[in-house]
>>> print(open('data36.csv').read())   # CSV, C-alpha atoms and all ligand atoms
chain,number,residue,atom,x,y,z
M,1,MET,CA,169.7,88.8,140.2
M,2,ASP,CA,170.0,92.6,140.8
M,3,ASN,CA,173.2,94.6,140.6
M,4,PHE,CA,175.0,94.9,143.9
M,5,ILE,CA,178.0,96.2,145.9
M,6,PHE,CA,179.1,93.8,148.6
M,7,TYR,CA,181.5,95.5,151.1
M,8,SER,CA,181.6,94.0,154.6
M,9,PRO,CA,185.0,94.8,156.0
M,10,THR,CA,184.8,93.8,159.7
M,11,GLU,CA,187.7,91.8,161.0
M,12,PHE,CA,186.3,88.8,162.8
M,13,VAL,CA,188.6,87.2,165.4
M,14,PHE,CA,186.9,83.9,166.3
M,15,GLY,CA,187.5,81.1,168.8
M,16,ARG,CA,188.5,80.2,172.3
M,17,ASP,CA,190.2,82.8,174.5
M,18,THR,CA,190.1,85.4,171.7
M,19,GLU,CA,189.0,88.2,174.1
M,20,ALA,CA,192.7,88.3,175.3
M,21,GLN,CA,193.5,89.9,171.9
M,22,THR,CA,191.1,92.8,172.4
M,23,GLY,CA,193.8,95.2,173.5
M,24,ALA,CA,196.1,94.4,170.6
M,25,LEU,CA,193.1,94.9,168.2
M,26,VAL,CA,192.1,98.2,169.7
M,27,GLN,CA,195.7,99.3,169.3
M,28,LYS,CA,195.8,98.0,165.7
M,29,TYR,CA,192.8,100.2,164.8
M,30,GLY,CA,194.4,103.3,166.2
M,31,ALA,CA,192.4,104.0,169.3
M,32,ARG,CA,193.8,106.4,171.9
M,33,LYS,CA,190.9,106.3,174.4
M,34,VAL,CA,188.2,103.7,174.5
M,35,MET,CA,184.7,103.6,176.0
M,36,ILE,CA,183.7,100.1,177.1
M,37,VAL,CA,179.9,99.7,176.9
M,38,TYR,CA,178.1,96.8,178.6
M,39,GLY,CA,174.7,95.7,179.7
M,40,GLY,CA,173.0,94.6,183.0
M,41,GLY,CA,175.9,92.7,184.5
M,42,SER,CA,176.3,89.3,182.7
M,43,VAL,CA,179.8,90.3,181.6
M,44,ILE,CA,180.8,91.2,185.2
M,45,ARG,CA,179.5,87.9,186.5
M,46,SER,CA,181.2,85.9,183.8
M,47,GLY,CA,184.6,87.6,184.4
M,48,LEU,CA,184.7,88.8,180.8
M,49,LEU,CA,184.7,92.5,181.6
M,50,ALA,CA,187.7,92.0,183.8
M,51,ARG,CA,189.6,90.1,181.1
M,52,VAL,CA,188.9,92.8,178.5
M,53,GLU,CA,190.1,95.5,180.9
M,54,GLN,CA,193.2,93.5,181.6
M,55,SER,CA,193.8,93.2,177.8
M,56,LEU,CA,193.5,97.0,177.4
M,57,GLN,CA,195.8,97.6,180.4
M,58,GLU,CA,198.4,95.3,178.9
M,59,VAL,CA,198.7,97.5,175.8
M,60,GLY,CA,198.4,100.8,177.8
M,61,ILE,CA,195.2,102.0,176.2
M,62,PRO,CA,193.1,104.1,178.6
M,63,TYR,CA,189.4,103.5,178.9
M,64,CYS,CA,186.2,104.6,180.6
M,65,MET,CA,183.0,102.6,181.2
M,66,LEU,CA,179.3,102.9,180.5
M,67,GLY,CA,177.3,100.0,181.9
M,68,GLY,CA,173.6,99.4,182.4
M,69,VAL,CA,172.4,99.1,178.8
M,70,GLN,CA,169.0,97.3,178.9
M,71,PRO,CA,167.6,94.9,176.3
M,72,ASN,CA,165.6,96.9,173.7
M,73,PRO,CA,168.1,99.8,174.4
M,74,ILE,CA,166.8,103.3,175.0
M,75,ASP,CA,167.8,106.8,174.0
M,76,THR,CA,168.5,108.1,177.5
M,77,LYS,CA,171.5,105.8,177.8
M,78,VAL,CA,172.8,107.1,174.4
M,79,TYR,CA,172.6,110.7,175.6
M,80,GLU,CA,174.5,109.7,178.7
M,81,GLY,CA,177.2,108.0,176.6
M,82,ILE,CA,177.6,110.9,174.2
M,83,ASP,CA,178.2,113.3,177.2
M,84,LEU,CA,180.7,111.0,178.8
M,85,CYS,CA,182.5,110.4,175.5
M,86,ARG,CA,182.9,114.1,174.8
M,87,LYS,CA,184.1,114.7,178.4
M,88,GLU,CA,186.6,111.9,178.2
M,89,SER,CA,187.8,112.5,174.6
M,90,VAL,CA,187.0,108.9,173.6
M,91,ASP,CA,187.8,107.9,170.0
M,92,MET,CA,186.6,104.3,169.9
M,93,MET,CA,183.5,102.5,171.3
M,94,LEU,CA,184.1,99.0,172.5
M,95,ALA,CA,180.8,97.1,173.0
M,96,VAL,CA,181.1,94.1,175.3
M,97,GLY,CA,177.8,92.3,175.0
M,98,GLY,CA,174.9,91.6,172.6
M,99,GLY,CA,172.9,93.6,170.1
M,100,SER,CA,171.5,96.0,172.6
M,101,VAL,CA,175.0,97.0,173.8
M,102,ILE,CA,176.4,97.1,170.3
M,103,ASP,CA,173.5,99.3,169.0
M,104,THR,CA,173.9,101.7,171.9
M,105,ALA,CA,177.6,101.9,171.2
M,106,LYS,CA,176.9,102.6,167.5
M,107,ALA,CA,174.3,105.3,168.4
M,108,ILE,CA,176.9,107.0,170.7
M,109,ALA,CA,179.5,106.7,168.0
M,110,ALA,CA,177.3,108.6,165.5
M,111,GLY,CA,176.1,111.1,168.1
M,112,VAL,CA,179.5,112.3,169.4
M,113,PRO,CA,180.7,114.2,166.4
M,114,TYR,CA,177.2,115.4,165.4
M,115,ASN,CA,176.2,119.0,166.4
M,116,GLY,CA,172.6,118.1,167.0
M,117,ASP,CA,170.3,115.4,168.5
M,118,PHE,CA,171.5,111.8,167.5
M,119,TRP,CA,167.8,110.9,167.1
M,120,ASP,CA,167.8,113.0,163.9
M,121,PHE,CA,169.6,110.1,162.2
M,122,TYR,CA,166.9,107.6,163.2
M,123,ILE,CA,164.0,109.7,161.9
M,124,GLY,CA,165.7,110.6,158.7
M,125,LYS,CA,166.3,114.2,159.5
M,126,ALA,CA,170.1,113.9,159.1
M,127,VAL,CA,172.6,111.4,157.6
M,128,VAL,CA,175.5,110.0,159.5
M,129,ALA,CA,178.6,111.6,157.9
M,130,GLU,CA,181.2,110.5,160.5
M,131,ALA,CA,181.3,108.4,163.6
M,132,LEU,CA,183.7,107.1,166.2
M,133,LYS,CA,185.1,103.7,165.4
M,134,VAL,CA,183.0,100.8,166.8
M,135,ALA,CA,184.5,97.5,168.0
M,136,VAL,CA,182.8,94.5,169.6
M,137,VAL,CA,183.4,91.6,172.0
M,138,LEU,CA,180.3,89.5,171.3
M,139,THR,CA,178.4,87.5,174.0
M,140,ILE,CA,175.2,86.4,172.3
M,141,PRO,CA,174.7,85.2,168.7
M,142,ALA,CA,171.4,86.9,167.7
M,143,ALA,CA,171.2,90.4,166.4
M,144,GLY,CA,174.1,90.1,164.0
M,145,SER,CA,175.1,93.7,164.9
M,146,GLU,CA,178.7,92.7,165.2
M,147,GLY,CA,178.8,92.5,161.4
M,148,SER,CA,176.0,94.9,160.4
M,149,GLY,CA,176.0,98.6,159.8
M,150,ASN,CA,172.7,99.0,161.6
M,151,THR,CA,171.6,100.1,165.1
M,152,VAL,CA,168.1,99.9,166.6
M,153,ILE,CA,167.1,102.3,169.5
M,154,THR,CA,163.9,103.0,171.3
M,155,LYS,CA,162.9,106.6,172.1
M,156,VAL,CA,161.3,106.4,175.6
M,157,ASP,CA,159.2,109.5,174.9
M,158,GLY,CA,156.6,108.1,172.5
M,159,LEU,CA,157.9,104.5,172.5
M,160,GLN,CA,159.2,104.5,169.0
M,161,LYS,CA,161.7,101.8,168.2
M,162,LEU,CA,163.6,102.7,165.0
M,163,SER,CA,166.5,101.4,163.1
M,164,LEU,CA,169.3,103.3,161.4
M,165,ARG,CA,171.4,101.9,158.6
M,166,ALA,CA,174.8,103.5,158.1
M,167,PRO,CA,177.2,100.7,157.1
M,168,SER,CA,180.0,102.9,155.8
M,169,VAL,CA,180.6,104.4,159.2
M,170,LEU,CA,178.9,102.2,161.8
M,171,ARG,CA,180.0,98.6,160.8
M,172,PRO,CA,182.4,97.4,163.5
M,173,VAL,CA,186.1,97.5,162.6
M,174,PHE,CA,186.6,94.3,164.5
M,175,ALA,CA,184.5,91.7,166.4
M,176,VAL,CA,185.9,89.2,168.9
M,177,MET,CA,183.8,86.1,169.0
M,178,ASN,CA,184.5,83.4,171.5
M,179,PRO,CA,181.7,80.7,171.4
M,180,GLU,CA,182.6,79.8,175.1
M,181,LEU,CA,181.2,83.2,176.2
M,182,THR,CA,177.8,82.0,175.1
M,183,TYR,CA,177.7,79.0,177.5
M,184,THR,CA,176.2,81.3,180.2
M,185,LEU,CA,173.2,82.3,178.1
M,186,PRO,CA,169.8,81.3,179.6
M,187,PRO,CA,168.1,78.8,177.2
M,188,PHE,CA,165.4,81.4,176.4
M,189,GLN,CA,168.0,83.9,175.3
M,190,THR,CA,169.7,81.3,173.2
M,191,ALA,CA,166.3,80.4,171.6
M,192,CYS,CA,165.5,84.1,170.9
M,193,GLY,CA,168.8,84.5,169.2
M,194,VAL,CA,168.0,81.5,167.0
M,195,ALA,CA,164.7,83.0,165.9
M,196,ASP,CA,166.4,86.4,165.2
M,197,MET,CA,169.1,85.0,163.0
M,198,MET,CA,166.6,82.8,161.2
M,199,ALA,CA,164.5,85.9,160.6
M,200,HIS,CA,167.5,87.8,159.3
M,201,ILE,CA,167.9,85.1,156.7
M,202,MET,CA,164.2,84.8,155.9
M,203,GLU,CA,163.8,88.6,155.4
M,204,ARG,CA,166.2,88.2,152.6
M,205,TYR,CA,165.1,84.8,151.3
M,206,PHE,CA,161.5,85.7,150.7
M,207,THR,CA,162.3,88.2,148.0
M,208,ASN,CA,160.5,89.1,144.8
M,209,THR,CA,163.8,89.0,142.9
M,210,LYS,CA,164.2,86.1,140.5
M,211,GLU,CA,167.3,84.0,139.7
M,212,VAL,CA,169.1,84.3,143.1
M,213,GLU,CA,170.0,80.6,143.3
M,214,ILE,CA,173.3,81.3,145.1
M,215,GLY,CA,171.5,83.5,147.7
M,216,ASP,CA,168.8,80.9,148.1
M,217,ARG,CA,171.3,78.1,148.7
M,218,LEU,CA,173.3,80.2,151.1
M,219,CYS,CA,170.1,81.0,153.0
M,220,GLU,CA,168.8,77.4,153.0
M,221,GLY,CA,172.2,76.0,154.0
M,222,THR,CA,172.6,78.5,156.9
M,223,LEU,CA,169.0,77.8,158.1
M,224,LEU,CA,169.7,74.1,158.1
M,225,ALA,CA,172.9,74.6,160.1
M,226,ILE,CA,171.0,76.8,162.6
M,227,ILE,CA,168.2,74.3,163.1
M,228,LYS,CA,170.7,71.4,163.6
M,229,GLU,CA,172.9,73.3,166.0
M,230,ALA,CA,170.1,74.9,167.9
M,231,THR,CA,168.6,71.5,168.6
M,232,THR,CA,172.0,70.4,170.0
M,233,VAL,CA,172.6,73.5,172.1
M,234,MET,CA,169.2,73.4,173.8
M,235,LYS,CA,170.1,69.9,175.2
M,236,ASP,CA,173.9,70.4,175.6
M,237,HIS,CA,174.6,74.0,176.6
M,238,GLU,CA,178.4,73.7,176.6
M,239,ASN,CA,178.8,71.9,173.3
M,240,TYR,CA,181.6,74.0,171.8
M,241,GLY,CA,181.1,72.9,168.2
M,242,ALA,CA,177.4,73.6,168.2
M,243,ARG,CA,177.9,77.0,170.0
M,244,ALA,CA,180.6,77.9,167.5
M,245,ASN,CA,178.6,77.1,164.4
M,246,LEU,CA,175.6,78.9,165.8
M,247,MET,CA,177.7,82.0,166.6
M,248,TRP,CA,179.0,82.2,163.1
M,249,CYS,CA,175.6,81.5,161.6
M,250,GLY,CA,174.4,84.6,163.5
M,251,THR,CA,177.0,86.8,161.7
M,252,ILE,CA,176.5,85.2,158.3
M,253,ALA,CA,172.7,85.8,158.7
M,254,HIS,CA,173.1,89.5,158.9
M,255,ASN,CA,176.4,90.8,157.5
M,256,GLY,CA,174.9,91.0,154.0
M,257,THR,CA,176.2,87.7,152.6
M,258,CYS,CA,172.7,86.1,152.3
M,259,GLY,CA,171.0,89.0,150.6
M,260,VAL,CA,173.3,90.1,147.8
M,261,GLY,CA,171.6,90.8,144.5
M,262,CYS,CA,168.0,90.7,145.9
M,263,GLU,CA,165.4,93.0,147.1
M,264,GLU,CA,165.0,92.4,150.8
M,265,ASP,CA,161.8,92.5,152.7
M,266,TRP,CA,162.0,93.3,156.5
M,267,ALA,CA,158.3,93.6,157.1
M,268,SER,CA,158.4,91.1,160.0
M,269,HIS,CA,161.1,93.1,161.7
M,270,PHE,CA,159.3,96.4,161.3
M,271,LEU,CA,156.1,94.8,162.8
M,272,GLU,CA,158.2,93.3,165.6
M,273,HIS,CA,159.9,96.5,166.5
M,274,GLU,CA,156.5,98.1,167.3
M,275,ILE,CA,155.7,95.1,169.6
M,276,SER,CA,159.1,95.4,171.3
M,277,ALA,CA,158.7,99.1,171.8
M,278,ILE,CA,155.2,98.9,173.3
M,279,TYR,CA,155.2,95.6,175.2
M,280,ASN,CA,159.0,95.4,175.8
M,281,VAL,CA,159.2,91.8,174.6
M,282,THR,CA,162.5,90.1,173.6
M,283,HIS,CA,163.1,90.8,169.9
M,284,GLY,CA,163.5,87.1,168.9
M,285,ALA,CA,160.4,86.1,170.8
M,286,GLY,CA,158.4,88.7,169.0
M,287,LEU,CA,159.7,87.4,165.7
M,288,SER,CA,158.8,83.8,166.4
M,289,VAL,CA,155.2,85.0,166.7
M,290,ILE,CA,155.2,87.4,163.8
M,291,PHE,CA,157.2,85.5,161.1
M,292,PRO,CA,155.0,82.4,160.7
M,293,ALA,CA,151.9,84.7,160.7
M,294,TRP,CA,153.4,86.9,158.0
M,295,MET,CA,154.4,83.9,156.0
M,296,THR,CA,150.9,82.5,156.1
M,297,TRP,CA,149.6,85.8,154.8
M,298,MET,CA,152.3,85.8,152.1
M,299,THR,CA,151.2,82.4,150.7
M,300,GLU,CA,148.7,84.5,148.8
M,301,HIS,CA,151.5,86.5,147.2
M,302,ASN,CA,154.5,84.2,146.7
M,303,VAL,CA,153.4,80.7,147.3
M,304,ASP,CA,156.1,79.1,145.2
M,305,LYS,CA,159.0,80.6,147.2
M,306,ILE,CA,157.4,79.5,150.5
M,307,ALA,CA,156.8,76.0,149.1
M,308,GLN,CA,160.5,75.9,148.0
M,309,TYR,CA,161.5,76.8,151.5
M,310,ALA,CA,159.2,74.1,152.9
M,311,ILE,CA,160.7,71.5,150.7
M,312,ARG,CA,164.4,72.4,150.9
M,313,VAL,CA,164.6,73.5,154.6
M,314,TRP,CA,161.9,71.4,156.3
M,315,GLY,CA,161.9,68.3,154.0
M,316,VAL,CA,158.2,68.6,153.0
M,317,ALA,CA,157.3,66.4,150.0
M,318,ASP,CA,156.7,68.4,146.8
M,319,SER,CA,153.2,68.3,145.2
M,320,ALA,CA,151.2,70.2,142.7
M,321,ASP,CA,149.3,71.9,145.5
M,322,LYS,CA,151.9,74.5,146.4
M,323,LYS,CA,149.8,76.1,149.1
M,324,THR,CA,149.5,72.9,151.1
M,325,VAL,CA,153.2,72.4,150.8
M,326,ALA,CA,153.9,76.0,151.9
M,327,LEU,CA,151.5,75.7,154.9
M,328,GLU,CA,153.2,72.5,156.0
M,329,GLY,CA,156.6,74.2,156.0
M,330,ILE,CA,155.2,77.1,158.1
M,331,SER,CA,153.7,74.5,160.5
M,332,ARG,CA,157.1,72.8,160.8
M,333,LEU,CA,158.7,76.2,161.5
M,334,LYS,CA,156.2,76.8,164.3
M,335,THR,CA,156.8,73.3,165.8
M,336,PHE,CA,160.5,74.0,165.8
M,337,PHE,CA,160.1,77.3,167.6
M,338,THR,CA,157.8,75.7,170.1
M,339,SER,CA,160.4,72.8,170.6
M,340,ILE,CA,163.1,75.3,171.7
M,341,GLY,CA,160.7,77.2,174.0
M,342,LEU,CA,159.6,80.1,171.9
M,343,PRO,CA,156.1,81.6,171.7
M,344,VAL,CA,154.2,81.4,168.4
M,345,THR,CA,151.1,83.4,169.5
M,346,PHE,CA,150.5,86.8,171.1
M,347,LYS,CA,149.1,84.9,174.1
M,348,GLU,CA,152.2,82.8,174.5
M,349,LEU,CA,154.2,86.1,174.3
M,350,GLY,CA,152.2,87.3,177.3
M,351,ILE,CA,150.0,89.8,175.4
M,352,GLU,CA,146.4,88.9,175.9
M,353,ASN,CA,144.8,91.7,173.9
M,354,PRO,CA,147.3,93.3,171.5
M,355,ASP,CA,146.4,96.9,170.7
M,356,ILE,CA,146.5,96.4,166.9
M,357,ASP,CA,145.4,99.9,166.1
M,358,ARG,CA,148.2,101.4,168.2
M,359,LEU,CA,150.8,98.9,166.7
M,360,ALA,CA,149.6,99.8,163.2
L,401,LIG,O1,172.5,92.9,179.9
L,401,LIG,P1,173.2,91.7,180.3
L,401,LIG,O2,173.3,91.5,181.7
L,401,LIG,O3,174.5,91.5,179.5
L,401,LIG,O4,172.3,90.4,179.8
L,401,LIG,C1,171.9,90.2,178.5
L,401,LIG,C2,170.4,90.6,178.2
L,401,LIG,O5,169.7,90.5,179.3
L,401,LIG,C3,171.9,88.7,178.2
L,401,LIG,N1,173.1,88.2,177.8
L,401,LIG,C4,173.9,88.5,176.7
L,401,LIG,N2,175.0,87.8,176.6
L,401,LIG,C5,174.9,86.9,177.7
L,401,LIG,C6,173.8,87.2,178.4
L,401,LIG,N3,173.5,86.5,179.6
L,401,LIG,C7,174.3,85.5,179.9
L,401,LIG,N4,175.4,85.2,179.2
L,401,LIG,C8,175.8,85.9,178.1
L,401,LIG,N5,176.8,85.5,177.4
L,401,LIG,O6,171.0,88.6,177.1
L,401,LIG,C9,170.0,89.6,177.2
L,401,LIG,C10,169.7,90.1,175.8
L,401,LIG,O7,170.8,90.9,175.3
L,401,LIG,P2,170.6,91.7,174.0
L,401,LIG,O8,171.8,92.5,173.8
L,401,LIG,O9,169.3,92.5,174.1
L,401,LIG,O10,170.3,90.6,172.9
L,401,LIG,P3,170.4,90.6,171.4
L,401,LIG,O11,171.8,90.4,170.9
L,401,LIG,O12,169.4,89.7,170.9
L,401,LIG,O13,170.0,92.1,170.9
L,401,LIG,C11,168.7,92.5,170.7
L,401,LIG,C12,168.6,93.9,170.2
L,401,LIG,O14,169.2,94.0,168.9
L,401,LIG,C13,168.3,94.6,168.0
L,401,LIG,C14,167.0,94.2,168.6
L,401,LIG,O15,165.9,95.0,168.0
L,401,LIG,C15,167.1,94.3,170.0
L,401,LIG,O16,166.9,95.7,170.5
L,401,LIG,N6,168.6,94.3,166.7
L,401,LIG,C16,169.7,94.9,166.1
L,401,LIG,C17,170.1,94.6,164.8
L,401,LIG,C18,171.3,95.3,164.2
L,401,LIG,N7,171.9,96.2,164.9
L,401,LIG,O17,171.7,95.0,163.1
L,401,LIG,C19,169.4,93.7,163.9
L,401,LIG,C20,168.4,92.9,164.7
L,401,LIG,O18,167.3,92.6,163.8
L,401,LIG,C21,167.8,93.5,165.9
L,401,LIG,O19,166.7,94.3,165.5
L,402,ZN,ZN,166.5,90.9,164.2
>>> encode(input="data36.csv", output="structure tokens", more="lines below")
Ligand code: NZQ
Ligand code: ZN
Amino acid sequence: MDNFIFYSPTEFVFGRDTEAQTGALVQKYGARKVMIVYGGGSVIRSGLLARVEQSLQEVGIPYCMLGGVQPNPIDTKVYEGIDLCRKESVDMMLAVGGGSVIDTAKAIAAGVPYNGDFWDFYIGKAVVAEALKVAVVLTIPAAGSEGSGNTVITKVDGLQKLSLRAPSVLRPVFAVMNPELTYTLPPFQTACGVADMMAHIMERYFTNTKEVEIGDRLCEGTLLAIIKEATTVMKDHENYGARANLMWCGTIAHNGTCGVGCEEDWASHFLEHEISAIYNVTHGAGLSVIFPAWMTWMTEHNVDKIAQYAIRVWGVADSADKKTVALEGISRLKTFFTSIGLPVTFKELGIENPDIDRLA
């Protein structure tokens, strides 16, 4: 196991009706003016946005709004948000939605105090020294952005989708997580979230670092929980217990817990980000194509770890032929993805002739 520092200070407020506590939490973290960021309208249709507004009004915290964040969020919305925040003297971003909304809020939070182009942070030209506080009301378990210090934005000009890691300033101060808010998710979005959280665990699990038994067991246990609860949720959309477990799995998958003490990989994510940028596919659906393919290729490099995964997560029988064991595990992963309605080939993703040169 490698040396590590684990510091993951987000306050998670989890359970039914917890969105009613948003105003009190905003107050607790010292906000004087809030910008609510949301997406294409699901939070309006569900009534969540109105409930969050009411909660802010009850504690007398003023707010402004920035709606219309799209999946695979883009830089133009970030520039719009930075301008509005400066004009309105906002000091806390409140993201009400999923990863795209949260990541946009984080990018704005970093951009407001910076005397330059926020994109500098994403291309490594500048380091985020300070940011507005970020808080979250989560509506989809997937990206894990509610507990991560990362943000992923696409620059429209040039179609570059890049991630920025700045946990000391961008990790949300609090995240409200009510599993009932996820009942309205379309099945495909639920499934994409499942693939994404599994990928977040597997990017950490398939490590070259030895002697990470605690990390391995946390990863395997969380994967087993995801597979079980995803299967339930796909049949029974309003099963509170399964939705609740899945929601917490999404956070555990990406707040650092599963990767302590090991060298992480993230190759599949970087490959997928190019696919999302160019073909605008849903992140989780891109991952369900990329991850099994990457694992197949990696059987040449670290067959023992993939065989361990096959045995412990997918119940494949052990044998001296580790490659066959590993390939059977990958096959079972693909069968699972297919069973919850996810693509496992470019064609199923709707890309007939992927432009591999451009992606590379
Ligand atoms: O925009 P609205 O109308 O809200 O609809 C959204 C959107 O269409 C919908 N949705 C969300 N909650 C809903 C709902 N529909 C009905 N009921 C609800 N309760 O779902 C769609 C997808 O939303 P999005 O925010 O894009 O989903 P997700 O959370 O999967 O975020 C994906 C983004 O996160 C990035 C991805 O690259 C992608 O851009 N990631 C961010 C990470 C991070 N910051 O740490 C890590 C991840 O690896 C990932 O890369
Ligand atoms: Zn992801």
>>> residues_near_ligand(input="data36.csv", ligand="ligand LIG 401 (chain L)", cutoff="6 Å", atoms="only C-alpha atoms and all ligand atoms", output="VMD selection string")
chain M and resid 39 to 43 70 to 73 97 to 101 103 139 to 140 142 to 145 148 150 to 152 181 to 182 184 to 185 189 193 283
>>> atom_distance(input="data36.csv", atom1="CA of Arg86 (chain M)", atom2="CA of Val34 (chain M)")
11.7 Å
>>> closest_residue(input="data36.csv", among="M:Ala267, M:Leu132, M:Val13, M:Met93", to="ligand ZN 402 (chain L)", atoms="all atoms listed in the file")
M:Ala267
>>> residues_near_ligand(input="data36.csv", ligand="ligand ZN 402 (chain L)", cutoff="7 Å", atoms="only C-alpha atoms and all ligand atoms", output="JSON list (two decimals) with C-alpha atoms, keeping the file's coordinate frame")
[["chain", "number", "residue", "atom", "x", "y", "z"],
["M", 143, "ALA", "CA", 171.20, 90.40, 166.40],
["M", 196, "ASP", "CA", 166.40, 86.40, 165.20],
["M", 197, "MET", "CA", 169.10, 85.00, 163.00],
["M", 199, "ALA", "CA", 164.50, 85.90, 160.60],
["M", 200, "HIS", "CA", 167.50, 87.80, 159.30],
["M", 269, "HIS", "CA", 161.10, 93.10, 161.70],
["M", 283, "HIS", "CA", 163.10, 90.80, 169.90],
["M", 284, "GLY", "CA", 163.50, 87.10, 168.90]]
>>> residues_around(input="data36.csv", residues="His273 (chain M)", least_positions_apart="2", cutoff="10 Å", atoms="only C-alpha atoms", output="list of chain:residue names")
M:Asn72, M:Val152, M:Ile153, M:Thr154, M:Gln160, M:Lys161, M:Leu162, M:Ser163, M:Ala267, M:Ser268, M:His269, M:Phe270, M:Leu271, M:Ile275, M:Ser276, M:Ala277, M:Ile278, M:Tyr279, M:Asn280, M:Val281, M:Thr282, M:His283, M:Gly286, M:Leu287, M:Leu359
>>> residues_around(input="data36.csv", residues="Lys235 (chain M)", least_positions_apart="6", cutoff="12 Å", atoms="all atoms listed in the file", output="PyMOL selection string")
chain M and resi 187+190-191+228-229+242-243+339-341
>>> residues_around(input="data36.csv", residues="Val59 (chain M)", least_positions_apart="5", cutoff="8 Å", atoms="all atoms listed in the file", output="JSON, numbers by chain")
{"M": [23, 24, 27]}
>>> residues_around(input="data36.csv", residues="Ala175 (chain M)", least_positions_apart="3", cutoff="8 Å", atoms="only C-alpha atoms", output="list in words")
Thr10, Glu11, Phe12, Val13, Ala135, Val136, Val137, Leu138, Glu146, Gly147 and Pro172 of chain M
>>> atom_distance(input="data36.csv", atom1="CA of Ala50 (chain M)", atom2="CA of Met247 (chain M)")
22.3 Å
>>> residues_around(input="data36.csv", residues="Ala285 (chain M)", least_positions_apart="3", cutoff="8 Å", atoms="only C-alpha atoms", output="list in words")
Cys192, Ala195, Val281, Thr282, Ser288, Val289, Leu342, Pro343 and Leu349 of chain M
>>> atom_distance(input="data36.csv", atom1="CA of Glu88 (chain M)", atom2="CA of Tyr63 (chain M)")
8.9 Å
>>> closest_residue(input="data36.csv", among="M:Phe336, M:Phe206, M:Tyr183, M:Phe346", to="Tyr309 (chain M)", atoms="all atoms listed in the file")
M:Phe206
>>> closest_residue(input="data36.csv", among="M:Ala105, M:Cys249, M:Leu218, M:Met202", to="Ala230 (chain M)", atoms="only C-alpha atoms")
M:Cys249
